[in-house]
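Quick look at entry13.tsv (TSV, C-alpha atoms):
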```tsv
chain	number	residue	atom	x	y	z
A	1	MET	CA	-1.08	-8.97	-26.27
A	2	LEU	CA	-2.61	-8.07	-22.95
A	3	PRO	CA	-6.27	-6.97	-22.87
A	4	ASP	CA	-7.39	-3.37	-22.88
A	5	TYR	CA	-6.99	-1.53	-19.60
A	6	LYS	CA	-9.80	0.65	-18.36
A	7	SER	CA	-8.82	3.38	-15.89
A	8	ASP	CA	-10.93	4.61	-12.97
A	9	LYS	CA	-12.00	7.59	-15.08
A	10	GLY	CA	-13.56	5.28	-17.66
A	11	GLU	CA	-10.87	5.84	-20.27
A	12	THR	CA	-10.07	2.71	-22.27
A	13	LEU	CA	-6.41	2.38	-23.15
A	14	GLY	CA	-6.53	0.21	-26.23
A	15	ASN	CA	-2.89	-0.80	-26.53
A	16	PHE	CA	0.57	-0.23	-25.11
A	17	LYS	CA	1.40	2.67	-27.42
A	18	SER	CA	-1.66	4.63	-26.38
A	19	VAL	CA	-0.68	4.10	-22.75
A	20	ALA	CA	2.82	5.42	-23.38
A	21	ARG	CA	1.54	8.61	-24.99
A	22	LEU	CA	-0.36	9.56	-21.85
A	23	THR	CA	1.27	11.02	-18.79
A	24	VAL	CA	0.28	8.15	-16.51
A	25	PRO	CA	0.42	8.85	-12.75
A	26	GLU	CA	2.42	6.52	-10.56
A	27	SER	CA	-0.67	4.99	-9.00
A	28	GLU	CA	-2.14	4.29	-12.44
A	29	ARG	CA	1.06	2.55	-13.49
A	30	CYS	CA	0.90	0.32	-10.43
A	31	ILE	CA	-2.78	-0.46	-11.03
A	32	PHE	CA	-2.05	-1.21	-14.69
A	33	PHE	CA	0.66	-3.69	-13.68
A	34	LEU	CA	-1.40	-5.41	-10.98
A	35	LYS	CA	-4.45	-5.79	-13.21
A	36	THR	CA	-2.84	-6.84	-16.48
A	37	TYR	CA	0.34	-8.80	-15.72
A	38	SER	CA	-0.04	-12.44	-16.73
A	39	CYS	CA	2.35	-15.37	-16.26
A	40	GLY	CA	3.13	-16.35	-19.83
A	41	ALA	CA	1.03	-16.07	-22.94
A	42	GLU	CA	-0.08	-19.72	-22.77
A	43	SER	CA	-1.40	-19.86	-19.22
A	44	GLY	CA	-2.75	-16.32	-19.11
A	45	ARG	CA	-2.92	-16.50	-15.32
A	46	ARG	CA	-3.22	-13.11	-13.68
A	47	LYS	CA	-0.70	-13.57	-10.90
A	48	TYR	CA	-1.34	-10.44	-8.88
A	49	GLU	CA	-5.09	-10.41	-9.37
A	50	ASP	CA	-5.09	-13.93	-7.87
A	51	MET	CA	-3.05	-12.61	-4.93
A	52	LEU	CA	-5.58	-9.84	-4.34
A	53	VAL	CA	-8.41	-12.37	-4.38
A	54	ASP	CA	-6.59	-14.44	-1.74
A	55	ILE	CA	-5.98	-11.33	0.36
A	56	SER	CA	-9.64	-10.36	0.12
A	57	ASN	CA	-10.69	-13.86	1.17
A	58	ARG	CA	-8.29	-13.85	4.17
A	59	LYS	CA	-6.04	-16.54	2.66
A	60	ARG	CA	-2.83	-14.48	2.65
A	61	GLU	CA	-1.47	-11.38	4.37
A	62	SER	CA	1.22	-10.20	1.94
A	63	LEU	CA	1.41	-8.83	-1.58
A	64	GLU	CA	4.80	-9.82	-2.96
A	65	ILE	CA	5.84	-7.78	-5.99
A	66	ASP	CA	8.51	-9.63	-7.95
A	67	LEU	CA	10.67	-7.01	-9.64
A	68	ALA	CA	11.61	-9.58	-12.27
A	69	ASP	CA	7.94	-9.60	-13.29
A	70	LEU	CA	7.93	-5.80	-13.33
A	71	GLU	CA	11.04	-5.72	-15.51
A	72	GLU	CA	9.54	-8.22	-17.95
A	73	PHE	CA	6.27	-6.29	-18.04
A	74	CYS	CA	7.81	-2.86	-18.59
A	75	LEU	CA	10.05	-4.02	-21.43
A	76	THR	CA	6.95	-4.47	-23.59
A	77	ILE	CA	5.63	-0.94	-22.98
A	78	GLU	CA	7.23	2.09	-24.57
A	79	GLY	CA	8.14	4.67	-21.95
A	80	TYR	CA	8.02	2.22	-19.04
A	81	GLU	CA	11.56	0.86	-19.38
A	82	ASN	CA	12.94	2.86	-16.42
A	83	PHE	CA	10.01	2.21	-14.10
A	84	PRO	CA	11.59	-0.83	-12.33
A	85	GLU	CA	14.74	1.19	-11.60
A	86	ILE	CA	12.64	4.02	-10.19
A	87	VAL	CA	10.86	1.56	-7.89
A	88	GLN	CA	14.17	0.10	-6.68
A	89	SER	CA	15.63	3.53	-5.97
A	90	ASN	CA	12.64	4.55	-3.82
A	91	ALA	CA	11.30	1.24	-2.57
A	92	ARG	CA	9.74	2.49	0.65
A	93	ARG	CA	7.63	5.09	-1.11
A	94	TYR	CA	6.55	2.72	-3.85
A	95	ALA	CA	5.56	0.09	-1.31
A	96	SER	CA	2.99	2.60	-0.09
A	97	ILE	CA	1.91	3.44	-3.66
A	98	PHE	CA	1.44	-0.23	-4.56
A	99	ALA	CA	-0.54	-0.74	-1.35
A	100	GLU	CA	-2.87	2.15	-2.24
A	101	ALA	CA	-3.21	0.79	-5.78
A	102	ALA	CA	-4.12	-2.63	-4.38
A	103	ASP	CA	-6.74	-0.99	-2.15
A	104	ASP	CA	-8.34	0.64	-5.19
A	105	ILE	CA	-8.75	-2.63	-7.11
A	106	MET	CA	-9.24	-5.01	-4.19
A	107	PRO	CA	-12.08	-7.43	-5.08
A	108	ARG	CA	-14.97	-8.01	-2.75
A	109	ARG	CA	-14.67	-10.79	-0.23
A	110	ILE	CA	-16.42	-14.03	-1.15
A	111	PHE	CA	-18.23	-15.28	1.94
A	112	GLY	CA	-18.58	-18.99	2.51
A	113	ILE	CA	-20.99	-20.83	4.73
A	114	SER	CA	-18.42	-21.29	7.50
A	115	ASP	CA	-16.85	-17.82	7.21
A	116	GLU	CA	-17.16	-15.61	10.27
A	117	ASP	CA	-15.89	-12.15	11.11
A	118	ASP	CA	-12.68	-12.19	13.09
A	119	SER	CA	-11.59	-9.76	15.79
A	120	PHE	CA	-10.18	-7.36	13.20
A	121	ASP	CA	-13.55	-7.11	11.43
A	122	VAL	CA	-15.36	-6.54	14.72
A	123	LEU	CA	-12.89	-3.80	15.74
A	124	MET	CA	-13.21	-2.01	12.37
A	125	ARG	CA	-17.01	-2.13	12.58
A	126	GLN	CA	-16.94	-0.67	16.09
A	127	ARG	CA	-14.59	2.11	14.98
A	128	ASP	CA	-16.87	2.96	12.07
A	129	GLN	CA	-19.87	3.06	14.38
A	130	ILE	CA	-18.06	5.38	16.78
A	131	GLY	CA	-17.19	7.65	13.87
A	132	VAL	CA	-20.88	7.90	12.93
A	133	GLU	CA	-22.15	8.59	16.43
A	134	ILE	CA	-19.53	11.10	17.61
A	135	ASN	CA	-19.78	14.82	16.87
A	136	GLU	CA	-22.82	14.64	14.60
A	137	ASN	CA	-23.45	18.36	14.96
A	138	ILE	CA	-20.10	19.56	13.62
A	139	ASN	CA	-19.45	16.50	11.42
A	140	VAL	CA	-16.00	15.71	12.81
A	141	SER	CA	-15.19	12.03	13.23
A	142	PRO	CA	-11.99	10.07	13.95
A	143	GLU	CA	-11.31	8.61	10.51
A	144	LEU	CA	-9.07	5.56	10.48
A	145	PRO	CA	-6.13	5.81	8.06
A	146	ASP	CA	-6.00	3.25	5.27
A	147	VAL	CA	-2.86	1.71	6.74
A	148	LEU	CA	-4.87	0.59	9.79
A	149	ARG	CA	-7.69	-0.84	7.68
A	150	ARG	CA	-5.30	-2.74	5.45
A	151	ARG	CA	-4.95	-6.47	6.09
A	152	PHE	CA	-1.78	-6.96	4.07
A	153	ARG	CA	1.71	-5.58	3.55
A	154	VAL	CA	3.61	-5.05	0.32
A	155	TYR	CA	7.01	-6.66	-0.13
A	156	PHE	CA	9.42	-6.38	-3.05
A	157	LYS	CA	11.33	-9.40	-4.31
A	158	PRO	CA	14.65	-8.40	-5.94
A	159	GLY	CA	14.85	-8.70	-9.69
A	160	THR	CA	17.54	-10.21	-11.86
A	161	LYS	CA	19.42	-6.94	-12.36
A	162	ILE	CA	20.04	-6.22	-8.67
A	163	ALA	CA	23.62	-7.05	-7.74
A	164	VAL	CA	24.40	-8.83	-4.47
A	165	ARG	CA	26.52	-6.53	-2.31
A	166	THR	CA	28.47	-6.72	0.90
A	167	VAL	CA	27.38	-5.00	4.08
A	168	ARG	CA	30.40	-2.66	4.02
A	169	SER	CA	29.47	-1.39	0.57
A	170	ILE	CA	26.09	-0.06	1.75
A	171	ARG	CA	26.24	3.69	2.35
A	172	ALA	CA	23.89	6.44	3.49
A	173	ALA	CA	22.99	7.11	-0.14
A	174	ASP	CA	21.31	3.69	-0.24
A	175	ILE	CA	18.67	4.67	2.35
A	176	GLY	CA	15.27	4.05	0.85
A	177	HIS	CA	16.67	1.90	-1.95
A	178	LEU	CA	16.08	-1.81	-2.37
A	179	VAL	CA	19.43	-3.53	-1.81
A	180	THR	CA	20.50	-7.17	-1.66
A	181	PHE	CA	23.50	-8.11	0.46
A	182	THR	CA	25.19	-11.14	1.98
A	183	GLY	CA	26.75	-11.37	5.40
A	184	VAL	CA	27.05	-13.32	8.63
A	185	CYS	CA	24.95	-12.28	11.61
A	186	THR	CA	27.16	-12.30	14.72
A	187	ARG	CA	25.05	-10.27	17.17
A	188	VAL	CA	21.41	-9.25	17.46
A	189	GLY	CA	20.24	-6.21	19.41
A	190	ASP	CA	16.87	-4.79	20.35
A	191	VAL	CA	14.74	-3.68	17.43
A	192	LYS	CA	13.49	-0.12	17.69
A	193	PRO	CA	9.78	0.26	16.93
A	194	LEU	CA	8.76	2.21	13.85
A	195	LEU	CA	5.77	4.49	14.40
A	196	GLU	CA	3.49	4.57	11.36
A	197	VAL	CA	0.24	5.89	12.86
A	198	ALA	CA	0.00	7.84	16.12
A	199	CYS	CA	-3.27	7.59	18.04
A	200	LEU	CA	-3.81	10.64	20.25
A	201	THR	CA	-6.59	10.91	22.85
A	202	CYS	CA	-7.95	14.19	24.18
A	203	ASP	CA	-7.89	14.35	28.00
A	204	CYS	CA	-10.98	16.57	28.07
A	205	CYS	CA	-13.49	14.79	25.82
A	206	GLY	CA	-11.84	11.47	25.00
A	207	PHE	CA	-11.80	12.15	21.25
A	208	GLU	CA	-9.32	9.99	19.28
A	209	ILE	CA	-7.14	11.50	16.55
A	210	TYR	CA	-5.14	9.36	14.15
A	211	GLN	CA	-2.03	10.99	12.71
A	212	GLU	CA	0.06	9.25	10.06
A	213	VAL	CA	3.82	9.54	10.54
A	214	ILE	CA	5.84	10.10	7.38
A	215	GLY	CA	9.56	10.07	8.02
A	216	ASP	CA	11.55	9.84	11.23
A	217	ASN	CA	10.06	12.88	13.00
A	218	PHE	CA	6.57	14.23	13.47
A	219	ASN	CA	4.83	16.97	15.45
A	220	PRO	CA	1.68	15.92	17.33
A	221	ILE	CA	-1.26	18.27	16.92
A	222	ASN	CA	-1.83	20.52	19.95
A	223	ARG	CA	-5.54	21.23	19.55
A	224	CYS	CA	-8.44	18.80	19.66
A	225	PRO	CA	-10.63	19.05	16.53
A	226	SER	CA	-13.75	17.61	18.18
A	227	GLY	CA	-16.95	19.59	18.52
A	228	ALA	CA	-16.96	19.42	22.32
A	229	CYS	CA	-13.53	21.04	22.64
A	230	SER	CA	-14.20	23.55	19.86
A	231	LEU	CA	-17.02	25.06	21.94
A	232	ARG	CA	-14.79	25.44	24.97
A	233	ALA	CA	-12.49	28.35	25.65
A	234	PRO	CA	-9.39	26.37	26.73
A	235	THR	CA	-7.47	24.27	24.21
A	236	GLY	CA	-8.36	20.59	24.31
```
Before we go any further, please render this structure as structure tokens.
Amino acid sequence: MLPDYKSDKGETLGNFKSVARLTVPESERCIFFLKTYSCGAESGRRKYEDMLVDISNRKRESLEIDLADLEEFCLTIEGYENFPEIVQSNARRYASIFAEAADDIMPRRIFGISDEDDSFDVLMRQRDQIGVEINENINVSPELPDVLRRRFRVYFKPGTKIAVRTVRSIRAADIGHLVTFTGVCTRVGDVKPLLEVACLTCDCCGFEIYQEVIGDNFNPINRCPSGACSLRAPTG
């Protein structure tokens, strides 16, 4: 049996049945899986906790969720049996949820003697310093979204129940789903960029605004929220 799971609210979930009785949010389910999944009863190795340690120590840049592990894990918990199917049917959304769950339980980085900050660390520190210094009077600062601070990406590995399909069998209804297909690549075209975070700069005061893009379309904000532009009559 896996050890007790303690939620962020301090509630100890003693066993699987007590977990099933609660209405567990999606993020809590992901955290529960990442923290408690172990590879076999004999080894007891926490596979995904080890991945998070490697990510924190800059040894890897991806968190690969094996859906076969998720299927095996959920079969032992009452009420979780359909969770792997839900993840497969909305893979893009759950990739974001798993990433946020990993952020919540990410261990602290273990610094070695030869470890030094890289360019990403220096850039994040400069951005944080700018956020402290700018607009101290009105307390408005350009906060970086979590997706820009994150040093890893979440990938799903297909489980055993996902059937291998042909390219012609994939339809519009499969958008957002995790699908596995076989085919022969005969031509490669230009890849269109996918905008995840838009960085907007005010022409008047130079204030930076970060706007996360959810979906294919988004509307940029038309007014600068900085203190300098708020005191002016024209729109920044």
Could you tell me how far CA of Ala173 in chain A lies from CA of Ile214 in chain A, in Å and to one decimal?
-> 19.0 Å
Do you know which residues are at most 8 Å from range 161-170 of chain A counting all atoms listed in the file, after dropping those on the same chain fewer than 4 positions away, and could you put them as a list in words?
->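 My list of contacting residues is Asp174, Val179, Thr180, Phe181, Thr182 and Gly183 of chain A.
With distances taken over all atoms listed in the file, A:Leu195 is the one residue among A:Leu144, A:Cys74, A:Leu195, A:Leu231 lying closest to Phe218 in chain A.
You can rank A:Cys205, A:Leu52, A:Cys39, A:Ala68 by their closest distance to Lys157 in chain A using all atoms listed in the file, and at the top of that list sits A:Ala68.
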Enter the distance from CA of Ser56 in chain A to CA of Glu196 in chain A, in Å, rounded to one decimal.
->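 Atom-to-atom, CA of Ser56 in chain A to CA of Glu196 in chain A, that is 22.8 Å.
CA of Asp117 in chain A is found 24.8 Å from CA of Tyr48 in chain A.
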Excluding Glu71 in chain A and any residue of its chain fewer than 5 positions from it, enumerate the residues within 8 Å of it, using only C-alpha atoms, and give them as a list in words.
->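 These residues fall inside the cut-off: Glu81, Pro84 and Gly159 of chain A.
With only C-alpha atoms as the atoms that count, the residue of A:Arg29, A:Arg151, A:Arg93, A:Arg127 with the shortest distance to Lys59 in chain A is A:Arg151.
In this comparison, which uses all atoms listed in the file, the residue of A:Asp69, A:Asn219, A:Pro25, A:Ile105 approaching Thr160 in chain A most closely is A:Asp69.
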Which protein, DNA or RNA residues are at most 10 Å from (-4.1, -3.7, -3.6) in the file's coordinates when you count all atoms listed in the file, listed as a CSV table (one decimal) with C-alpha atoms, in the coordinates of the input?
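Dumped to point01.csv:
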```csv
chain,number,residue,atom,x,y,z
A,30,CYS,CA,0.9,0.3,-10.4
A,31,ILE,CA,-2.8,-0.5,-11.0
A,34,LEU,CA,-1.4,-5.4,-11.0
A,35,LYS,CA,-4.4,-5.8,-13.2
A,48,TYR,CA,-1.3,-10.4,-8.9
A,49,GLU,CA,-5.1,-10.4,-9.4
A,51,MET,CA,-3.0,-12.6,-4.9
A,52,LEU,CA,-5.6,-9.8,-4.3
A,53,VAL,CA,-8.4,-12.4,-4.4
A,55,ILE,CA,-6.0,-11.3,0.4
A,56,SER,CA,-9.6,-10.4,0.1
A,63,LEU,CA,1.4,-8.8,-1.6
A,97,ILE,CA,1.9,3.4,-3.7
A,98,PHE,CA,1.4,-0.2,-4.6
A,99,ALA,CA,-0.5,-0.7,-1.4
A,100,GLU,CA,-2.9,2.2,-2.2
A,101,ALA,CA,-3.2,0.8,-5.8
A,102,ALA,CA,-4.1,-2.6,-4.4
A,103,ASP,CA,-6.7,-1.0,-2.2
A,104,ASP,CA,-8.3,0.6,-5.2
A,105,ILE,CA,-8.8,-2.6,-7.1
A,106,MET,CA,-9.2,-5.0,-4.2
A,107,PRO,CA,-12.1,-7.4,-5.1
A,150,ARG,CA,-5.3,-2.7,5.4
A,152,PHE,CA,-1.8,-7.0,4.1
A,153,ARG,CA,1.7,-5.6,3.6
A,154,VAL,CA,3.6,-5.0,0.3
```
Output range 72-96 of chain A as an mmCIF file, in the frame of the given file, making sure N, CA, C and O atoms are there.
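And here is the file that came out, selection_17.cif:
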```cif
data_model
loop_
_atom_site.group_PDB
_atom_site.id
_atom_site.type_symbol
_atom_site.label_atom_id
_atom_site.label_comp_id
_atom_site.auth_asym_id
_atom_site.auth_seq_id
_atom_site.Cartn_x
_atom_site.Cartn_y
_atom_site.Cartn_z
ATOM 1 N N GLU A 72 10.064 -7.555 -16.755
ATOM 2 C CA GLU A 72 9.540 -8.220 -17.950
ATOM 3 C C GLU A 72 8.340 -7.463 -18.515
ATOM 4 O O GLU A 72 8.197 -7.295 -19.729
ATOM 5 N N PHE A 73 7.488 -6.998 -17.632
ATOM 6 C CA PHE A 73 6.270 -6.290 -18.040
ATOM 7 C C PHE A 73 6.588 -4.954 -18.699
ATOM 8 O O PHE A 73 6.023 -4.597 -19.730
ATOM 9 N N CYS A 74 7.517 -4.211 -18.101
ATOM 10 C CA CYS A 74 7.810 -2.860 -18.590
ATOM 11 C C CYS A 74 8.613 -2.867 -19.883
ATOM 12 O O CYS A 74 8.625 -1.860 -20.599
ATOM 13 N N LEU A 75 9.295 -3.949 -20.179
ATOM 14 C CA LEU A 75 10.050 -4.020 -21.430
ATOM 15 C C LEU A 75 9.135 -4.019 -22.651
ATOM 16 O O LEU A 75 9.565 -3.655 -23.754
ATOM 17 N N THR A 76 7.885 -4.410 -22.473
ATOM 18 C CA THR A 76 6.950 -4.470 -23.590
ATOM 19 C C THR A 76 6.182 -3.170 -23.793
ATOM 20 O O THR A 76 5.396 -3.068 -24.734
ATOM 21 N N ILE A 77 6.400 -2.181 -22.914
ATOM 22 C CA ILE A 77 5.630 -0.940 -22.980
ATOM 23 C C ILE A 77 6.596 0.212 -23.216
ATOM 24 O O ILE A 77 7.533 0.420 -22.429
ATOM 25 N N GLU A 78 6.378 0.954 -24.248
ATOM 26 C CA GLU A 78 7.230 2.090 -24.570
ATOM 27 C C GLU A 78 7.056 3.174 -23.509
ATOM 28 O O GLU A 78 5.942 3.579 -23.175
ATOM 29 N N GLY A 79 8.177 3.638 -22.975
ATOM 30 C CA GLY A 79 8.140 4.670 -21.950
ATOM 31 C C GLY A 79 8.148 4.140 -20.530
ATOM 32 O O GLY A 79 8.237 4.913 -19.580
ATOM 33 N N TYR A 80 8.042 2.830 -20.373
ATOM 34 C CA TYR A 80 8.020 2.220 -19.040
ATOM 35 C C TYR A 80 9.335 1.542 -18.688
ATOM 36 O O TYR A 80 9.443 0.930 -17.636
ATOM 37 N N GLU A 81 10.334 1.635 -19.566
ATOM 38 C CA GLU A 81 11.560 0.860 -19.380
ATOM 39 C C GLU A 81 12.269 1.185 -18.070
ATOM 40 O O GLU A 81 12.870 0.310 -17.433
ATOM 41 N N ASN A 82 12.227 2.443 -17.633
ATOM 42 C CA ASN A 82 12.940 2.860 -16.420
ATOM 43 C C ASN A 82 12.107 2.714 -15.153
ATOM 44 O O ASN A 82 12.595 3.023 -14.065
ATOM 45 N N PHE A 83 10.872 2.288 -15.279
ATOM 46 C CA PHE A 83 10.010 2.210 -14.100
ATOM 47 C C PHE A 83 10.535 1.247 -13.040
ATOM 48 O O PHE A 83 10.497 1.573 -11.846
ATOM 49 N N PRO A 84 11.045 0.045 -13.381
ATOM 50 C CA PRO A 84 11.590 -0.830 -12.330
ATOM 51 C C PRO A 84 12.755 -0.207 -11.575
ATOM 52 O O PRO A 84 12.870 -0.374 -10.349
ATOM 53 N N GLU A 85 13.623 0.539 -12.276
ATOM 54 C CA GLU A 85 14.740 1.190 -11.600
ATOM 55 C C GLU A 85 14.250 2.284 -10.657
ATOM 56 O O GLU A 85 14.815 2.487 -9.577
ATOM 57 N N ILE A 86 13.203 2.987 -11.054
ATOM 58 C CA ILE A 86 12.640 4.020 -10.190
ATOM 59 C C ILE A 86 12.069 3.403 -8.914
ATOM 60 O O ILE A 86 12.231 3.939 -7.813
ATOM 61 N N VAL A 87 11.413 2.253 -9.060
ATOM 62 C CA VAL A 87 10.860 1.560 -7.890
ATOM 63 C C VAL A 87 11.969 1.109 -6.957
ATOM 64 O O VAL A 87 11.878 1.250 -5.730
ATOM 65 N N GLN A 88 13.057 0.569 -7.505
ATOM 66 C CA GLN A 88 14.170 0.100 -6.680
ATOM 67 C C GLN A 88 14.862 1.236 -5.958
ATOM 68 O O GLN A 88 15.328 1.068 -4.821
ATOM 69 N N SER A 89 14.932 2.402 -6.582
ATOM 70 C CA SER A 89 15.630 3.530 -5.970
ATOM 71 C C SER A 89 14.791 4.228 -4.904
ATOM 72 O O SER A 89 15.322 5.049 -4.156
ATOM 73 N N ASN A 90 13.504 3.934 -4.838
ATOM 74 C CA ASN A 90 12.640 4.550 -3.820
ATOM 75 C C ASN A 90 11.622 3.510 -3.365
ATOM 76 O O ASN A 90 10.405 3.719 -3.461
ATOM 77 N N ALA A 91 12.135 2.405 -2.851
ATOM 78 C CA ALA A 91 11.300 1.240 -2.570
ATOM 79 C C ALA A 91 10.278 1.514 -1.465
ATOM 80 O O ALA A 91 9.138 1.050 -1.544
ATOM 81 N N ARG A 92 10.664 2.262 -0.462
ATOM 82 C CA ARG A 92 9.740 2.490 0.650
ATOM 83 C C ARG A 92 8.521 3.286 0.202
ATOM 84 O O ARG A 92 7.388 2.991 0.588
ATOM 85 N N ARG A 93 8.746 4.280 -0.623
ATOM 86 C CA ARG A 93 7.630 5.090 -1.110
ATOM 87 C C ARG A 93 6.734 4.283 -2.046
ATOM 88 O O ARG A 93 5.504 4.367 -1.971
ATOM 89 N N TYR A 94 7.341 3.483 -2.912
ATOM 90 C CA TYR A 94 6.550 2.720 -3.850
ATOM 91 C C TYR A 94 5.840 1.542 -3.188
ATOM 92 O O TYR A 94 4.840 1.047 -3.729
ATOM 93 N N ALA A 95 6.317 1.094 -2.059
ATOM 94 C CA ALA A 95 5.560 0.090 -1.310
ATOM 95 C C ALA A 95 4.230 0.667 -0.864
ATOM 96 O O ALA A 95 3.190 -0.017 -0.904
ATOM 97 N N SER A 96 4.231 1.930 -0.462
ATOM 98 C CA SER A 96 2.990 2.600 -0.090
ATOM 99 C C SER A 96 2.097 2.832 -1.305
ATOM 100 O O SER A 96 0.874 2.671 -1.234
#
```
